[in-house]
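Student: Take this structure, written in structure tokens, and hold onto it; I'll ask about it next.
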Amino acid sequence: MDEKKLTPIKAIRAKCIDCSCGEKKEVRLCPIEWCPLWPYRMGKRPARDASIDEKN
């Protein structure tokens with residue numbers, strides 16, 4: 001078997017589509033903001049949060 005390997009981001013996207021019963025449009029409309037995968041649901045890394053201070 002030659003399975004296609006998923007990147008972590010693509011695996012998250014696939015999980016979100018599964019959670020939305022296969023409806024890709026519902027992934028965008030997902031109201032479950034407390035889900036740890038929510039920021040990654042669109043298949044991209046979220047932009048860095050500018051409100052987080054870095055330690056120098």
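Each chain of the structure tokens is named A, B, ... in the order shown, its residues numbered from 1; ligands are numbered from 1 in display order.
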Might you pull out every residue within 8 Å of A:Arg13, with only C-alpha atoms counted and same-chain residues fewer than 5 positions away left off, and present them as a list in words?

Tutor: Tyr40, Arg41, Met42 and Gly43 of chain A

Student: Leaving out stretch 22-37 of chain A and any residue of its chain fewer than 2 positions from it, which residues lie within 12 Å of it when counting only C-alpha atoms, given as a tab-separated table (two decimals) with N, CA and C atoms, in the first residue's frame?

Tutor:
```tsv
chain	number	residue	atom	x	y	z
A	8	PRO	N	0.82	17.80	9.00
A	8	PRO	CA	-0.06	18.03	10.16
A	8	PRO	C	-1.20	19.01	9.85
A	9	ILE	N	-0.92	20.05	9.09
A	9	ILE	CA	-1.96	21.03	8.76
A	9	ILE	C	-3.05	20.38	7.90
A	10	LYS	N	-2.65	19.56	6.92
A	10	LYS	CA	-3.63	18.90	6.07
A	10	LYS	C	-4.43	17.86	6.85
A	11	ALA	N	-3.80	17.22	7.82
A	11	ALA	CA	-4.51	16.25	8.67
A	11	ALA	C	-5.55	16.97	9.53
A	12	ILE	N	-5.20	18.14	10.03
A	12	ILE	CA	-6.17	18.93	10.81
A	12	ILE	C	-7.34	19.33	9.93
A	13	ARG	N	-7.05	19.78	8.72
A	13	ARG	CA	-8.11	20.18	7.78
A	13	ARG	C	-9.04	18.98	7.51
A	14	ALA	N	-8.44	17.81	7.29
A	14	ALA	CA	-9.25	16.62	7.04
A	14	ALA	C	-10.13	16.28	8.25
A	15	LYS	N	-9.59	16.44	9.45
A	15	LYS	CA	-10.38	16.18	10.66
A	15	LYS	C	-11.54	17.15	10.78
A	16	CYS	N	-11.29	18.42	10.44
A	16	CYS	CA	-12.35	19.42	10.51
A	16	CYS	C	-13.45	19.12	9.48
A	17	ILE	N	-13.06	18.69	8.30
A	17	ILE	CA	-14.06	18.32	7.29
A	17	ILE	C	-14.86	17.11	7.79
A	18	ASP	N	-14.20	16.15	8.41
A	18	ASP	CA	-14.88	14.99	8.97
A	18	ASP	C	-15.85	15.42	10.07
A	19	CYS	N	-15.41	16.33	10.93
A	19	CYS	CA	-16.25	16.82	12.03
A	19	CYS	C	-17.49	17.55	11.50
A	20	SER	N	-17.35	18.14	10.33
A	20	SER	CA	-18.46	18.89	9.71
A	20	SER	C	-19.26	18.02	8.74
A	39	PRO	N	-8.10	27.29	15.08
A	39	PRO	CA	-7.28	28.26	14.33
A	39	PRO	C	-6.65	27.67	13.07
A	40	TYR	N	-6.57	26.35	12.98
A	40	TYR	CA	-5.92	25.68	11.86
A	40	TYR	C	-6.92	25.08	10.86
A	41	ARG	N	-8.21	25.28	11.09
A	41	ARG	CA	-9.24	24.58	10.33
A	41	ARG	C	-9.26	24.87	8.85
A	42	MET	N	-8.71	25.99	8.42
A	42	MET	CA	-8.74	26.35	7.01
A	42	MET	C	-7.56	25.78	6.23
A	43	GLY	N	-6.72	24.99	6.88
A	43	GLY	CA	-5.62	24.34	6.19
A	43	GLY	C	-4.36	25.18	6.11
A	44	LYS	N	-4.31	26.24	6.91
A	44	LYS	CA	-3.13	27.11	6.95
A	44	LYS	C	-2.81	27.43	8.40
A	45	ARG	N	-1.55	27.75	8.63
A	45	ARG	CA	-1.16	28.19	9.97
A	45	ARG	C	-1.75	29.58	10.19
A	46	PRO	N	-2.29	29.83	11.37
A	46	PRO	CA	-2.83	31.16	11.64
A	46	PRO	C	-1.70	32.19	11.72
```
